[in-house]
Structures are given as C-alpha cells and as structure tokens.
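Just data_25.txt here, compact mmCIF, C-alpha atoms:
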```
# COMPACT_ATOMS: atom_id res chain seq x y z
CA MET A 1 16.15 33.19 14.76
CA GLY A 2 13.31 30.85 13.84
CA LEU A 3 13.20 28.50 10.88
CA ASN A 4 10.50 30.50 9.06
CA LYS A 5 12.74 33.55 8.89
CA MET A 6 15.71 31.60 7.64
CA GLN A 7 13.95 29.47 5.05
CA LYS A 8 13.69 30.76 1.52
CA ALA A 9 10.07 31.48 0.84
CA LYS A 10 9.61 30.70 -2.81
CA LYS A 11 9.33 27.19 -4.18
CA TYR A 12 11.00 26.68 -7.56
CA ASP A 13 8.81 26.40 -10.63
CA TRP A 14 10.21 24.85 -13.81
CA LYS A 15 7.48 26.54 -15.84
CA ASP A 16 8.71 29.97 -14.73
CA SER A 17 12.35 29.24 -15.49
CA ASN A 18 11.75 27.03 -18.52
CA MET A 19 15.22 25.63 -17.69
CA ALA A 20 16.55 28.32 -20.00
CA LEU A 21 20.22 27.62 -19.33
CA PHE A 22 19.99 24.15 -20.81
CA GLY A 23 21.20 24.12 -24.38
CA SER A 24 21.72 27.89 -24.41
CA ASP A 25 24.73 29.55 -26.00
CA THR A 26 25.92 30.48 -22.52
CA GLU A 27 25.91 26.87 -21.35
CA LYS A 28 27.55 25.47 -24.46
CA SER A 29 30.22 28.16 -24.62
CA VAL A 30 31.87 26.70 -21.51
CA LYS A 31 35.36 25.61 -22.56
CA LYS A 32 37.66 23.16 -20.89
CA GLU A 33 40.20 25.88 -20.14
CA SER A 34 37.62 27.86 -18.17
CA ALA A 35 36.60 24.67 -16.33
CA GLN A 36 40.21 24.19 -15.32
CA GLN A 37 40.13 27.59 -13.60
CA GLU A 38 37.43 26.40 -11.18
CA LYS A 39 39.45 25.45 -8.08
CA ALA A 40 36.60 23.36 -6.62
CA TRP A 41 36.85 20.84 -9.43
CA GLU A 42 40.37 19.86 -8.36
CA ALA A 43 38.69 17.59 -5.79
CA THR A 44 37.40 15.41 -8.66
CA GLU A 45 40.72 14.94 -10.41
CA ASN A 46 43.19 12.10 -9.95
CA LEU A 47 40.76 10.09 -7.84
CA ALA A 48 41.33 6.35 -7.54
CA GLY A 49 38.56 3.76 -7.53
CA THR A 50 34.95 4.41 -6.54
CA GLN A 51 34.58 7.94 -5.14
CA THR A 52 31.89 10.56 -4.50
CA VAL A 53 32.51 14.31 -4.14
CA ILE A 54 29.73 16.79 -3.32
CA PHE A 55 29.61 20.55 -3.87
CA ARG A 56 27.09 23.15 -2.75
CA VAL A 57 26.21 26.19 -4.84
CA VAL A 58 26.57 29.38 -2.76
CA LYS A 59 25.84 32.73 -4.40
CA PHE A 60 26.95 31.62 -7.87
CA LYS A 61 30.04 29.89 -6.45
CA VAL A 62 30.85 26.21 -5.91
CA THR A 63 32.04 25.14 -2.46
CA GLU A 64 32.99 21.63 -1.38
CA TRP A 65 30.46 20.01 0.99
CA PRO A 66 31.89 18.47 4.21
CA LYS A 67 32.22 14.70 3.96
CA GLU A 68 30.61 14.23 7.38
CA GLN A 69 27.44 15.72 5.91
CA TYR A 70 27.29 13.52 2.82
CA GLY A 71 23.70 12.32 2.49
CA GLU A 72 22.32 15.51 4.10
CA PHE A 73 20.70 18.05 1.78
CA TYR A 74 18.93 21.31 2.64
CA ASN A 75 15.76 22.11 0.70
CA GLY A 76 16.85 25.73 0.29
CA ASP A 77 20.03 24.85 -1.61
CA SER A 78 21.34 23.28 -4.82
CA TYR A 79 24.19 20.78 -5.00
CA ILE A 80 26.47 19.14 -7.57
CA ILE A 81 27.47 15.52 -7.01
CA TYR A 82 30.37 13.91 -8.84
CA HIS A 83 30.56 10.12 -8.66
CA GLN A 84 32.90 7.65 -10.30
CA GLU A 85 32.46 3.88 -10.15
CA LYS A 86 35.32 1.47 -10.76
CA ASN A 87 34.64 -1.59 -12.88
CA ASP A 88 36.58 -4.39 -11.20
CA GLU A 89 36.69 -6.45 -14.40
CA ASP A 90 38.69 -4.00 -16.52
CA ASP A 91 39.55 -1.18 -14.06
CA SER A 92 37.59 1.32 -16.15
CA LEU A 93 35.71 4.19 -14.50
CA GLU A 94 32.05 5.05 -15.09
CA LYS A 95 31.48 8.71 -14.24
CA HIS A 96 28.30 10.58 -13.28
CA VAL A 97 27.55 14.23 -12.52
CA HIS A 98 24.24 15.06 -10.82
CA PHE A 99 22.83 18.45 -9.95
CA TRP A 100 20.34 18.25 -7.07
CA ILE A 101 17.73 20.96 -6.63
CA GLY A 102 16.12 21.63 -3.27
CA LYS A 103 12.44 22.48 -3.03
CA TYR A 104 13.18 26.09 -2.08
CA SER A 105 16.38 26.57 -4.04
CA THR A 106 16.32 29.85 -5.99
CA GLN A 107 16.42 29.99 -9.77
CA ASP A 108 19.88 31.57 -9.60
CA GLU A 109 21.15 28.66 -7.52
CA TYR A 110 19.82 25.81 -9.60
CA GLY A 111 20.63 27.66 -12.80
CA THR A 112 24.23 27.95 -11.62
CA ALA A 113 24.21 24.28 -10.60
CA ALA A 114 23.05 23.31 -14.10
CA TYR A 115 25.68 25.52 -15.73
CA LYS A 116 28.46 24.25 -13.49
CA THR A 117 27.44 20.64 -14.08
CA VAL A 118 28.15 21.15 -17.78
CA GLU A 119 31.46 22.75 -16.85
CA LEU A 120 32.48 19.76 -14.71
CA ASP A 121 31.42 17.41 -17.47
CA THR A 122 33.58 19.38 -19.91
CA LEU A 123 36.56 19.12 -17.56
CA HIS A 124 36.22 15.33 -17.66
CA ASP A 125 36.11 15.32 -21.48
CA ASP A 126 32.34 14.68 -21.61
CA GLU A 127 32.82 11.25 -20.05
CA PRO A 128 30.30 11.62 -17.18
CA ILE A 129 26.59 11.00 -17.64
CA GLN A 130 24.66 14.12 -16.62
CA HIS A 131 21.62 13.88 -14.35
CA ARG A 132 19.01 16.30 -13.02
CA GLU A 133 17.69 15.40 -9.56
CA VAL A 134 14.76 17.10 -7.81
CA GLN A 135 14.15 16.82 -4.08
CA GLY A 136 11.75 14.01 -3.27
CA ASN A 137 12.12 12.47 -6.73
CA GLU A 138 15.74 11.34 -6.66
CA SER A 139 16.85 8.50 -8.92
CA ALA A 140 17.79 5.10 -7.54
CA LEU A 141 21.36 5.70 -8.74
CA PHE A 142 21.62 8.94 -6.78
CA LYS A 143 20.31 7.29 -3.61
CA SER A 144 22.74 4.40 -3.98
CA TYR A 145 25.65 6.73 -3.21
CA PHE A 146 24.51 7.21 0.37
CA GLU A 147 23.81 4.85 3.21
CA ASP A 148 21.22 7.33 4.48
CA LEU A 149 19.48 10.26 2.78
CA THR A 150 18.34 13.09 5.06
CA LEU A 151 16.42 16.08 3.70
CA LEU A 152 16.47 19.18 5.92
CA LYS A 153 14.56 22.45 5.88
CA GLY A 154 16.26 25.76 5.24
CA GLY A 155 19.70 26.42 3.81
CA ALA A 156 23.05 25.11 4.96
CA GLU A 157 23.83 28.51 6.46
CA THR A 158 21.10 27.95 9.06
CA GLY A 159 23.56 25.56 10.73
CA PHE A 160 21.08 23.35 12.56
CA ARG A 161 23.92 21.02 13.53
CA ARG A 162 25.32 23.74 15.80
CA VAL A 163 22.09 25.00 17.40
CA LEU A 164 21.86 24.42 21.15
CA PRO A 165 18.86 22.40 22.41
CA GLU A 166 17.55 25.25 24.59
CA ALA A 167 17.40 27.52 21.53
CA TYR A 168 16.07 24.85 19.21
CA SER A 169 13.09 25.14 16.87
CA PRO A 170 10.98 21.94 16.97
CA ARG A 171 11.32 19.72 13.88
CA LEU A 172 9.38 16.79 12.48
CA PHE A 173 11.13 14.06 10.46
CA HIS A 174 9.41 11.49 8.26
CA ILE A 175 11.17 8.10 8.20
CA GLN A 176 9.96 5.94 5.31
CA LYS A 177 11.13 3.15 3.07
CA ILE A 178 11.43 4.17 -0.57
CA GLY A 179 12.54 1.30 -2.75
CA ARG A 180 15.38 -0.41 -0.91
CA LYS A 181 16.41 2.69 1.03
CA ILE A 182 15.12 4.18 4.27
CA GLN A 183 14.88 7.95 3.88
CA SER A 184 14.60 10.68 6.51
CA THR A 185 12.86 13.87 5.38
CA GLN A 186 12.13 16.97 7.44
CA VAL A 187 8.47 17.95 7.00
CA SER A 188 6.19 20.65 8.40
CA LEU A 189 5.09 20.43 12.04
CA LYS A 190 1.58 19.25 11.20
CA LYS A 191 -0.30 16.32 12.64
CA GLY A 192 -1.71 15.79 9.17
CA ASN A 193 1.77 14.79 7.99
CA LEU A 194 1.71 11.69 10.21
CA THR A 195 0.88 8.45 8.43
CA SER A 196 0.13 5.08 9.97
CA ASP A 197 2.48 3.47 7.44
CA ASP A 198 5.70 5.13 8.61
CA VAL A 199 7.80 6.35 11.55
CA PHE A 200 8.25 9.98 12.60
CA LEU A 201 10.72 11.81 14.84
CA ILE A 202 9.45 14.80 16.82
CA ASP A 203 12.62 16.67 17.70
CA LEU A 204 12.17 19.15 20.56
CA GLY A 205 15.87 19.76 21.14
CA SER A 206 16.32 18.40 24.64
CA LYS A 207 14.03 15.45 23.90
CA ILE A 208 13.30 13.44 20.76
CA TYR A 209 10.17 11.33 20.37
CA GLN A 210 10.00 8.37 18.00
CA TRP A 211 6.38 7.98 16.85
CA ASN A 212 5.75 4.56 15.29
CA GLY A 213 2.78 4.35 12.94
CA SER A 214 0.59 1.28 13.46
CA LYS A 215 1.66 -0.14 10.05
CA CYS A 216 5.31 0.91 9.97
CA SER A 217 8.08 -1.57 9.21
CA HIS A 218 10.84 -2.91 11.43
CA ASP A 219 13.44 -1.34 9.11
CA GLU A 220 11.85 2.09 9.54
CA LYS A 221 11.90 1.71 13.34
CA PHE A 222 15.56 0.70 13.24
CA LYS A 223 16.48 3.66 11.00
CA ALA A 224 14.60 6.06 13.33
CA ALA A 225 16.52 4.76 16.34
CA GLN A 226 19.80 5.31 14.46
CA GLU A 227 18.78 8.87 13.60
CA ILE A 228 17.97 9.62 17.25
CA GLN A 229 21.36 8.30 18.30
CA ARG A 230 23.12 10.39 15.65
CA ILE A 231 21.29 13.60 16.57
CA ALA A 232 21.55 13.09 20.32
CA SER A 233 25.29 12.39 20.18
CA SER A 234 25.97 16.06 19.40
CA ARG A 235 23.72 17.50 22.10
CA GLY A 236 24.89 16.17 25.42
CA LYS A 237 21.88 15.73 27.71
CA CYS A 238 19.27 14.78 25.14
CA LYS A 239 16.63 12.17 26.05
CA SER A 240 14.41 10.09 23.79
CA GLU A 241 11.11 8.23 24.09
CA THR A 242 9.29 5.82 21.77
CA LEU A 243 5.55 6.24 21.15
CA GLU A 244 3.17 3.78 19.48
CA GLU A 245 0.32 5.24 17.45
CA ASN A 246 -2.38 2.99 18.94
CA SER A 247 -1.40 3.71 22.55
CA THR A 248 -0.57 7.42 22.36
CA SER A 249 -3.29 9.95 23.17
CA SER A 250 -3.80 13.01 21.01
CA ASP A 251 -2.95 15.30 23.93
CA HIS A 252 0.50 13.77 24.47
CA PRO A 253 3.19 16.50 24.81
CA ALA A 254 4.88 15.27 21.61
CA LEU A 255 1.70 15.72 19.57
CA ILE A 256 0.62 19.01 21.12
CA VAL A 257 3.46 20.81 19.31
CA LEU A 258 2.02 19.63 15.98
CA LYS A 259 -0.62 21.68 14.24
CA ASP A 260 -4.06 20.09 13.85
CA GLY A 261 -4.80 17.63 11.08
CA GLU A 262 -5.89 14.06 10.45
CA ILE A 263 -3.40 11.18 10.57
CA LYS A 264 -3.52 9.85 7.03
CA LYS A 265 -2.70 6.90 4.82
CA LYS A 266 -0.17 7.24 2.01
CA PRO A 267 -1.83 7.94 -1.35
CA LEU A 268 -1.15 5.56 -4.19
CA GLY A 269 0.46 7.10 -7.25
CA GLU A 270 -0.89 6.61 -10.75
CA LYS A 271 1.17 4.50 -13.15
CA ILE A 272 2.95 6.43 -15.88
CA VAL A 273 2.57 5.16 -19.44
CA PRO A 274 6.03 4.99 -21.11
CA LYS A 275 6.48 7.29 -24.11
CA LEU A 276 9.20 7.77 -26.70
CA PHE A 277 9.79 11.07 -28.53
CA CYS A 278 12.25 12.02 -31.24
CA VAL A 279 13.98 15.42 -31.25
CA SER A 280 15.05 16.08 -34.83
CA ASP A 281 15.81 18.85 -37.31
CA ALA A 282 15.76 16.53 -40.33
CA ASP A 283 12.80 18.42 -41.82
CA GLY A 284 14.24 21.86 -41.10
CA PRO A 285 13.26 23.40 -37.74
CA LEU A 286 13.89 21.39 -34.58
CA ASP A 287 10.77 19.65 -33.30
CA LEU A 288 9.58 16.98 -30.89
CA GLU A 289 7.55 14.07 -32.29
CA GLU A 290 6.04 11.15 -30.41
CA LYS A 291 7.22 7.84 -31.84
CA ALA A 292 5.82 5.20 -29.49
CA SER A 293 3.92 4.66 -26.24
CA GLY A 294 3.20 1.85 -23.80
CA SER A 295 4.62 -1.55 -24.71
CA ASP A 296 5.76 -0.22 -28.12
CA VAL A 297 8.56 1.77 -26.46
CA SER A 298 11.81 -0.08 -27.19
CA LYS A 299 15.47 0.54 -27.96
CA ASP A 300 14.89 -0.76 -31.49
CA LYS A 301 13.21 2.54 -32.34
CA LEU A 302 16.32 4.61 -31.53
CA SER A 303 18.22 6.00 -34.52
CA SER A 304 21.80 7.30 -34.41
CA ASP A 305 20.80 10.36 -36.44
CA ASP A 306 18.65 11.97 -33.74
CA ILE A 307 18.02 12.51 -30.04
CA TYR A 308 15.23 10.76 -28.16
CA ILE A 309 13.27 11.55 -25.01
CA ILE A 310 12.23 8.36 -23.21
CA ASP A 311 9.67 8.98 -20.46
CA LEU A 312 9.47 5.99 -18.13
CA GLU A 313 7.59 5.43 -14.88
CA ASP A 314 10.18 6.92 -12.56
CA HIS A 315 12.89 8.28 -14.86
CA CYS A 316 13.28 10.29 -18.07
CA TYR A 317 16.21 9.74 -20.41
CA CYS A 318 17.64 11.97 -23.10
CA TRP A 319 19.43 9.58 -25.48
CA VAL A 320 21.93 11.29 -27.79
CA GLY A 321 22.59 9.49 -31.08
CA SER A 322 26.17 9.49 -32.33
CA GLY A 323 25.10 11.19 -35.56
CA ALA A 324 22.84 13.84 -33.99
CA SER A 325 23.31 17.38 -35.26
CA ILE A 326 24.85 20.14 -33.13
CA ASP A 327 21.44 21.82 -32.78
CA GLU A 328 19.87 18.56 -31.64
CA ARG A 329 22.62 17.97 -29.08
CA ARG A 330 22.26 21.47 -27.67
CA ASN A 331 18.53 21.19 -27.14
CA GLY A 332 17.89 17.60 -26.09
CA LEU A 333 17.85 18.25 -22.35
CA THR A 334 15.81 21.41 -22.85
CA TYR A 335 13.16 19.43 -24.72
CA ALA A 336 13.15 16.72 -22.05
CA SER A 337 12.67 19.26 -19.28
CA ASN A 338 10.02 21.26 -21.14
CA TYR A 339 8.17 18.04 -22.02
CA LEU A 340 8.09 16.91 -18.38
CA ASN A 341 6.79 20.35 -17.37
CA LYS A 342 3.55 19.54 -19.19
CA THR A 343 3.05 16.19 -17.47
CA ASP A 344 1.83 15.28 -13.99
CA HIS A 345 5.35 14.14 -13.05
CA PRO A 346 7.53 17.19 -13.89
CA TYR A 347 10.16 16.49 -11.24
CA ASN A 348 11.21 12.99 -12.29
CA PRO A 349 14.98 12.54 -12.71
CA ILE A 350 16.47 13.25 -16.15
CA SER A 351 19.64 11.56 -17.39
CA VAL A 352 21.57 12.34 -20.58
CA VAL A 353 23.17 9.26 -22.12
CA SER A 354 25.20 9.08 -25.31
CA GLU A 355 25.00 6.26 -27.80
CA GLY A 356 27.64 3.67 -27.01
CA LYS A 357 28.17 5.02 -23.48
CA GLU A 358 24.88 3.93 -21.91
CA ASP A 359 25.09 2.88 -18.26
CA GLN A 360 23.59 -0.31 -16.88
CA ALA A 361 20.53 1.48 -15.49
CA PHE A 362 19.59 2.68 -18.99
CA LYS A 363 20.21 -0.73 -20.53
CA GLU A 364 17.89 -2.41 -18.04
CA SER A 365 15.19 0.27 -17.94
CA PHE A 366 13.16 -0.72 -21.03
```
Render the structure in this file as structure tokens.
Amino acid sequence: MGLNKMQKAKKYDWKDSNMALFGSDTEKSVKKESAQQEKAWEATENLAGTQTVIFRVVKFKVTEWPKEQYGEFYNGDSYIIYHQEKNDEDDSLEKHVHFWIGKYSTQDEYGTAAYKTVELDTLHDDEPIQHREVQGNESALFKSYFEDLTLLKGGAETGFRRVLPEAYSPRLFHIQKIGRKIQSTQVSLKKGNLTSDDVFLIDLGSKIYQWNGSKCSHDEKFKAAQEIQRIASSRGKCKSETLEENSTSSDHPALIVLKDGEIKKKPLGEKIVPKLFCVSDADGPLDLEEKASGSDVSKDKLSSDDIYIIDLEDHCYCWVGSGASIDERRNGLTYASNYLNKTDHPYNPISVVSEGKEDQAFKESF
C-alpha cells in the first residue's frame, strides 16, 4: 500500500475546532479517581530522577510509545509526553506534560490528547506545567528531551520501520539546524522542497542519497550521515551515496524521482511584536483586554487576581494568578488558543504556568 492511501487526508484547523475541549465542563470534570483508572499513567508514577515517558493517542485510547522510537513522531498522530526534571540542588522534581499534535492528526485524536493531558496533570496533583505543541513549531523545552527529532509522514500504524526495501515508497527527508538542534523532517517528494541552505536524504529503500545544499552546515552533514546509518542498519543490503548540489546534474537518478520545482532559499520569518493580555471577569462577563505591547510587556504588569496571555516571538504563555477566579482558570488556555488563531502564528507553543510555580524558561523569556 502506498503512502498516499495510508496518510490521513485532512490537515487540522484550529479555527474549525476552536479548541472546544479546553476549559469545557467535560475537561474540568476529570477527577483524580478517574485518572487513577487509566492504566497507561502507571508508567509515570514512582519514577526516580529525570525521566521522559511518551504516549500515543489511538482511537480515543492512550498507548505507551516504544522507547526505541522516542524522538520519532508521525504527522498523522497525536502524542502525550510526560517529563520530569530533577533539581540536583534540592532533589525536587519539575514536571511537564506536553500534548503534541501532528499536521494530519484528526480532531478526535488531538481533542483526546488535550483531554488526557488534563487527566495526567490531575493525577500528579496539578504539579506539571501543561504545554501544547504543534508539529513544526515545537518549543525549545520539548526539543531538549530528545537527542534527535524526526518527523515522519503517515500514522504509526503504517509501520515504515518494518517495510522491506523492495516494497518501499520513496521518501524525502529535510535535515536542518533549528536553534541548537538538528532536526530531520519528512517532506513531500518535490524538487521545490530542496534548499541550498540544508541537507536532504532521498530514501529509495535499497539506496539512500545524501544531497548537500551548497550552503549547508557541517553539523547538518554529520546528522544526515547518522540518519543514513540508522536507517540502513535495519535493511541489510542498503547502499548510500553523497551528492553535492553544485556538482549534481538535474537528471541524476536521485533527483528524477522528485517532482519538478525550483531549488529555493529559506524564507525569513517576520518578527513578532510581544503582547500582553488580561483575561478577567472583574467587570462581570469574562473578557480579553490588551494591556501592553512591545517593550512595555513585563512581569510587573501581572496581577494575582487574573490570568494573562503573553504572546512572545516563539512562545505563548497562559499565566494563572493565584487569586484568579474559577471561571478565569477554566478559560485561560481557551482564550490563548483562540487569540493565536487570529494571528499569523497560530501554531506557536502554549504553556500554562501558575503563579509561584513558573519554570526557568518563563522567568527568562521576558
């Protein structure tokens, strides 16, 4: 069966879903006793030191993800990631729960992931910081859990790891440096996806080509070579060849499998102006009001009585004041998500932090 038949066809759209589960009565009615009935969560209990546990959402159920596949995520699925970090100074644990949403994950899947994230948080007595992660826009914290991050097409049930080379559908991987990490992402088989700035792997099953863009980095080349070794190790007689952009003709066998298109340069993103909003019901109905923008955004403007949405360049925070009302607490993440929907960066990570329990990333962010 080919990839196109296995891959879920519809891309998620936050504007369609409106992230309705966030802050709803259904979400908030989750009790600790019901969380204790979820067998999957047992893997997060009684852990010592720094640990990461990953779960995949399958048809409304949570299943533990194999440790040998940590760092691999399919764009047709949703995942829940539990991470605890030990503080060596006082032996305390900082806990985080992320739900990761693949590009082609269905609304049922990421809705369940969101719901179950709250359930896992409840099980741990609301100690973890909750995060929403969207494929291609993952937070630096999320990426720090993995030595490598590999994004694959399709769902986990497609089982690419077990497909024989002779029955293999060609794949194209984009190897690029994002921040301090080198990331491998499966992209469409189009020549137009090639950029001179990065490295690409053209995986034909029995042979893998490493295509080095004319402006790629040494680190990207090294990561690509590691990926080839990892993939080839499970295939037996699998050969590889390295191609340089400036010395490879357009009719090379590796490029012929790619659909037509121009080799392009990476576009530069526009800088996001920081903004601070207050979510409050002090005047009656709950509303969202802008309080500051640009250099005026600061922690001094946060009040314990309310909830605040802080939109930064590459991250959005929902800060929950210790004196916020129940209604405010229930709707903070909903407001953050709905606000981002109306911007040109709707998929930025969202983190919910409570007053007095802020992590280091929040403290250093603005």
Q: Determine, counting only C-alpha atoms, which protein, DNA and RNA residues have an atom within 12 Å of an atom of range 178-181 of chain A; residues of the same chain fewer than 3 positions away are not included. Present the result as a count of residues only.
A: 25
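Between CA of Ile310 in chain A and CA of Pro128 in chain A the separation is 19.3 Å.
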Q.
Please list as a PyMOL selection string every residue within 6 Å of range 113-125 of chain A, counting only C-alpha atoms and excluding residues in the same chain fewer than 3 positions away.
A. chain A and resi 27+32+35+110+128
Q | Counting all atoms listed in the file, the residue of A:Asp88, A:Asp296, A:Glu358, A:Glu94 that sits nearest Thr52 in chain A | A |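 That would be A:Glu94, the residue with the smallest distance to Thr52 in chain A.
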**Q.** Nearest to Thr248 in chain A, chosen from A:Gln210, A:Asn193, A:Ser233, A:Asn331, with all atoms listed in the file counted in the distances
**A.**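 Among A:Gln210, A:Asn193, A:Ser233, A:Asn331, it is A:Gln210 that comes nearest to Thr248 in chain A.
Nearest residue to Ile101 in chain A among A:Leu258, A:Asn348, A:Lys275, A:Ser304 is A:Asn348, counting all atoms listed in the file.
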